[in-house]
$ cat structure-v5.cif   # mmCIF, C-alpha atoms
data_coords
loop_
_atom_site.label_atom_id
_atom_site.label_comp_id
_atom_site.auth_asym_id
_atom_site.auth_seq_id
_atom_site.Cartn_x
_atom_site.Cartn_y
_atom_site.Cartn_z
CA PHE A 2 0.00 0.00 0.00
CA ASN A 3 2.94 2.33 0.64
CA TYR A 4 3.89 2.25 -3.03
CA LEU A 5 0.48 2.97 -4.54
CA GLY A 6 1.04 6.73 -4.59
CA SER A 7 4.52 6.64 -6.14
CA PRO A 8 5.78 6.35 -9.73
CA GLN A 9 5.68 2.77 -10.98
CA ALA A 10 3.31 2.11 -8.09
CA LEU A 11 1.60 -0.90 -9.61
CA GLU A 12 4.85 -2.62 -10.58
CA LYS A 13 6.40 -2.09 -7.14
CA SER A 14 3.29 -3.26 -5.32
CA ALA A 15 3.00 -6.34 -7.52
CA HIS A 16 6.70 -7.16 -7.09
CA HIS A 17 6.63 -6.89 -3.30
CA ALA A 18 3.41 -8.92 -3.06
CA VAL A 19 4.90 -11.73 -5.15
CA MET A 20 8.17 -11.64 -3.20
CA GLY A 21 6.26 -11.89 0.08
CA ALA A 22 4.38 -14.92 -1.25
CA VAL A 23 7.64 -16.43 -2.52
CA MET A 24 9.27 -16.07 0.90
CA ALA A 25 6.27 -17.68 2.59
CA ILE A 26 6.34 -20.61 0.17
CA ILE A 27 10.08 -21.08 0.70
CA LEU A 28 9.57 -21.10 4.48
CA CYS A 29 6.84 -23.73 4.09
CA GLY A 30 9.20 -25.83 1.98
CA ILE A 31 12.03 -25.53 4.51
CA THR A 32 9.61 -26.41 7.30
CA GLY A 33 8.46 -29.45 5.33
CA LEU A 34 12.05 -30.54 4.92
CA VAL A 35 13.07 -30.10 8.57
CA ALA A 36 9.90 -30.72 10.60
CA PRO A 37 9.66 -34.49 9.97
CA PHE A 38 13.10 -34.93 11.56
CA VAL A 39 12.17 -32.70 14.48
CA ILE A 40 8.98 -34.66 15.07
CA ARG A 41 10.72 -38.04 14.78
CA TYR A 42 13.66 -37.19 17.03
CA LEU A 43 12.13 -34.86 19.61
CA THR A 44 8.72 -36.40 20.24
CA PRO A 45 7.48 -39.75 21.53
CA ALA A 46 6.68 -42.44 18.94
CA ASP A 47 2.94 -41.78 19.34
CA TYR A 48 3.40 -38.45 17.53
CA HIS A 49 5.46 -39.71 14.60
CA SER A 50 2.42 -40.32 12.39
CA ALA A 51 1.86 -36.56 12.40
CA THR A 52 4.63 -36.23 9.82
CA GLY A 53 2.25 -37.63 7.22
CA TYR A 54 -0.05 -34.65 7.69
CA LEU A 55 2.67 -32.03 7.41
CA PRO A 56 2.77 -31.58 3.61
CA LEU A 57 -0.94 -30.84 3.28
CA PHE A 58 -0.89 -28.56 6.34
CA LEU A 59 2.02 -26.63 4.90
CA VAL A 60 0.35 -26.37 1.50
CA ALA A 61 -2.72 -24.96 3.26
CA ILE A 62 -0.56 -22.38 5.03
CA ALA A 63 1.13 -21.41 1.76
CA LEU A 64 -2.24 -21.05 0.00
CA LYS A 65 -3.60 -18.89 2.82
CA ILE A 66 -0.56 -16.63 2.83
CA CYS A 67 -0.53 -16.32 -0.97
CA SER A 68 -4.18 -15.29 -0.98
CA GLU A 69 -3.34 -12.59 1.55
CA TYR A 70 -0.40 -11.25 -0.47
CA LEU A 71 -2.14 -11.35 -3.85
CA ASN A 72 -5.31 -9.50 -2.85
CA ILE A 73 -4.09 -5.91 -2.62
CA GLY A 74 -6.85 -4.68 -4.92
CA CYS A 75 -9.50 -5.98 -2.52
CA PHE A 76 -8.43 -3.46 0.08
CA ILE A 77 -8.35 -0.37 -2.12
CA LYS A 78 -12.03 0.22 -1.50
CA THR A 79 -13.17 1.14 1.98
CA GLN A 80 -15.86 -1.55 2.06
CA SER A 81 -15.01 -5.07 3.15
CA TYR A 82 -18.29 -6.72 2.16
CA GLN A 83 -16.77 -8.60 -0.78
CA GLN A 84 -13.89 -9.95 1.29
CA MET A 85 -16.34 -11.13 3.93
CA MET A 86 -18.45 -12.88 1.28
CA ILE A 87 -15.37 -14.60 -0.15
CA ASP A 88 -14.38 -15.83 3.32
CA ILE A 89 -17.92 -17.07 3.98
CA LEU A 90 -18.10 -18.89 0.65
CA ALA A 91 -14.67 -20.48 1.16
CA ALA A 92 -15.70 -21.55 4.67
CA ILE A 93 -18.89 -23.14 3.32
CA VAL A 94 -16.93 -24.95 0.58
CA GLY A 95 -14.44 -26.16 3.20
CA LEU A 96 -17.16 -27.31 5.60
CA VAL A 97 -19.06 -29.21 2.91
CA ALA A 98 -15.82 -30.79 1.69
CA MET A 99 -14.82 -31.73 5.24
CA ILE A 100 -18.16 -33.34 5.96
CA SER A 101 -18.09 -35.31 2.74
CA MET A 102 -14.42 -36.35 2.97
CA ALA A 103 -14.03 -37.02 6.68
CA ASN A 104 -15.82 -40.38 6.67
CA GLU A 105 -13.84 -41.73 3.73
CA MET A 106 -10.40 -40.31 4.45
CA GLY A 107 -10.40 -39.35 8.12
CA MET A 108 -8.02 -36.60 9.18
CA MET A 109 -6.35 -36.54 5.75
CA GLY A 110 -9.74 -35.78 4.19
CA ILE A 111 -10.29 -32.90 6.58
CA ILE A 112 -6.88 -31.42 5.78
CA LEU A 113 -7.48 -31.91 2.06
CA ALA A 114 -10.83 -30.13 2.40
CA LEU A 115 -9.04 -27.25 4.13
CA ASN A 116 -6.76 -27.02 1.11
CA ILE A 117 -9.75 -26.97 -1.23
CA ALA A 118 -11.26 -24.11 0.78
CA TYR A 119 -7.99 -22.17 0.63
CA VAL A 120 -7.67 -22.71 -3.12
CA VAL A 121 -11.20 -21.34 -3.59
CA ARG A 122 -10.41 -18.41 -1.30
CA MET A 123 -7.12 -17.63 -3.06
CA LEU A 124 -8.62 -17.77 -6.56
CA MET A 125 -11.60 -15.63 -5.61
CA PHE A 126 -9.45 -13.04 -3.83
CA TYR A 127 -7.05 -12.94 -6.77
CA MET A 128 -9.83 -12.51 -9.34
CA LEU A 129 -11.63 -9.83 -7.32
CA SER A 130 -8.38 -8.03 -6.56
CA GLN A 131 -7.36 -7.97 -10.22
CA ARG A 132 -10.79 -6.71 -11.24
CA VAL A 133 -10.59 -3.82 -8.74
CA LEU A 134 -6.89 -3.01 -9.27
CA CYS A 135 -5.12 -4.87 -12.03
CA LEU A 136 -1.57 -5.36 -10.80
CA PRO A 137 1.12 -6.64 -13.18
CA TYR A 138 2.07 -9.69 -11.13
CA LYS A 139 5.02 -11.66 -12.46
CA LEU A 140 4.03 -15.09 -11.18
CA LYS A 141 6.88 -17.15 -12.65
CA PRO A 142 8.99 -16.88 -9.45
CA LEU A 143 5.95 -17.98 -7.47
CA TYR A 144 5.45 -21.06 -9.65
CA SER A 145 9.10 -22.08 -9.60
CA THR A 146 9.28 -21.57 -5.83
CA ALA A 147 6.14 -23.66 -5.37
CA PHE A 148 7.75 -26.45 -7.40
CA ILE A 149 10.97 -26.30 -5.37
CA SER A 150 9.04 -26.21 -2.09
CA ALA A 151 6.92 -29.19 -3.17
CA ALA A 152 10.16 -31.05 -3.80
CA MET A 153 11.34 -30.10 -0.29
CA LEU A 154 8.08 -31.35 1.20
CA MET A 155 8.40 -34.69 -0.60
CA THR A 156 12.09 -34.98 0.32
CA GLY A 157 11.30 -34.32 3.97
CA GLN A 158 8.70 -37.09 3.90
CA TRP A 159 10.98 -39.49 2.09
CA LEU A 160 14.03 -38.93 4.30
CA ALA A 161 12.14 -39.06 7.57
#
$ encode --input "structure-v5.cif" --output "structure tokens"
Amino acid sequence: FNYLGSPQALEKSAHHAVMGAVMAIILCGITGLVAPFVIRYLTPADYHSATGYLPLFLVAIALKICSEYLNIGCFIKTQSYQQMMIDILAAIVGLVAMISMANEMGMMGIILALNIAYVVRMLMFYMLSQRVLCLPYKLKPLYSTAFISAAMLMTGQWLA
């Protein structure tokens, strides 16, 4: 928001938003690489199965953070009605998905449903934000970072 009044405001805002999302995704990847070892070596054996849930939890965190960084346009207006409606819709999607997936998949289904809700939230925030204030996001670094972080998550699972 600090850059919106300056020259090249849109480019600077878009760049900093993407870099914030990139840093968050990298941190999720590093966490996915290290956390399985921490859980296995610092907790009792009863907790070791939690490592299987880590990748989807970390993806959910990354999706949530990305939706928060890539929605600058949503906050240009003084009204927050649209943001509230997006959050309500995403919560309903998540709740319905959780109810339908919990019986079949247990905890993994609930975490997967959380990811579905966050994908819906991120896409809706992104589309609304771009409609209100079209920022020239350069998303290639975000995609490549997501790929690298996914590899870290899988490596952490495989090594642990």
$ resolve_selection --input "structure-v5.cif" --expression "the PyMOL selection byres ((chain A and resi 30) around 10)" --output "list in words"
Met24, Ala25, Ile26, Ile27, Leu28, Cys29, Ile31, Thr32, Gly33, Leu34, Val35, Ala36, Pro56, Leu59, Val60, Ala63, Thr146, Ala147, Phe148, Ile149, Ser150, Ala151, Ala152, Met153, Leu154, Met155, Thr156 and Gly157 of chain A
$ atom_distance --input "structure-v5.cif" --atom1 "atom CA of A:Thr44" --atom2 "atom CA of A:Ile112"
21.8 Å
$ closest_residue --input "structure-v5.cif" --among "A:Ile111, A:Ile100, A:Leu90, A:Ala118" --to "A:Tyr54" --atoms "only C-alpha atoms"
A:Ile111
$ closest_atom_pairs --input "structure-v5.cif" --of "stretch 15-79 of chain A" --to "stretch 121-138 of chain A" --cutoff "6 Å" --atoms "only C-alpha atoms" --output "tab-separated table"
residue	atom	partner	partner_atom	distance
A:Ala15	CA	A:Tyr138	CA	5.0
A:Ser68	CA	A:Met123	CA	4.3
A:Leu71	CA	A:Tyr127	CA	5.9
A:Asn72	CA	A:Ser130	CA	5.0
A:Gly74	CA	A:Ser130	CA	4.0
A:Cys75	CA	A:Ser130	CA	4.7
$ atom_distance --input "structure-v5.cif" --atom1 "atom CA of A:Asn116" --atom2 "atom CA of A:Ile62"
8.7 Å
$ closest_residue --input "structure-v5.cif" --among "A:Ala92, A:Pro142, A:Tyr70, A:Gln84" --to "A:His17" --atoms "only C-alpha atoms"
A:Tyr70
$ atom_distance --input "structure-v5.cif" --atom1 "atom CA of A:Tyr48" --atom2 "atom CA of A:Ala161"
13.3 Å
$ residues_near_point --input "structure-v5.cif" --point "(8.4, -39.8, 12.9)" --cutoff "12 Å" --atoms "all atoms listed in the file" --output "count of residues only"
26
$ closest_residue --input "structure-v5.cif" --among "A:Leu115, A:Ala10, A:Leu140, A:Ser145" --to "A:Lys65" --atoms "only C-alpha atoms"
A:Leu115
$ closest_residue --input "structure-v5.cif" --among "A:Ile73, A:Ala61, A:Met106, A:Ile117" --to "A:Val94" --atoms "all atoms listed in the file"
A:Ile117
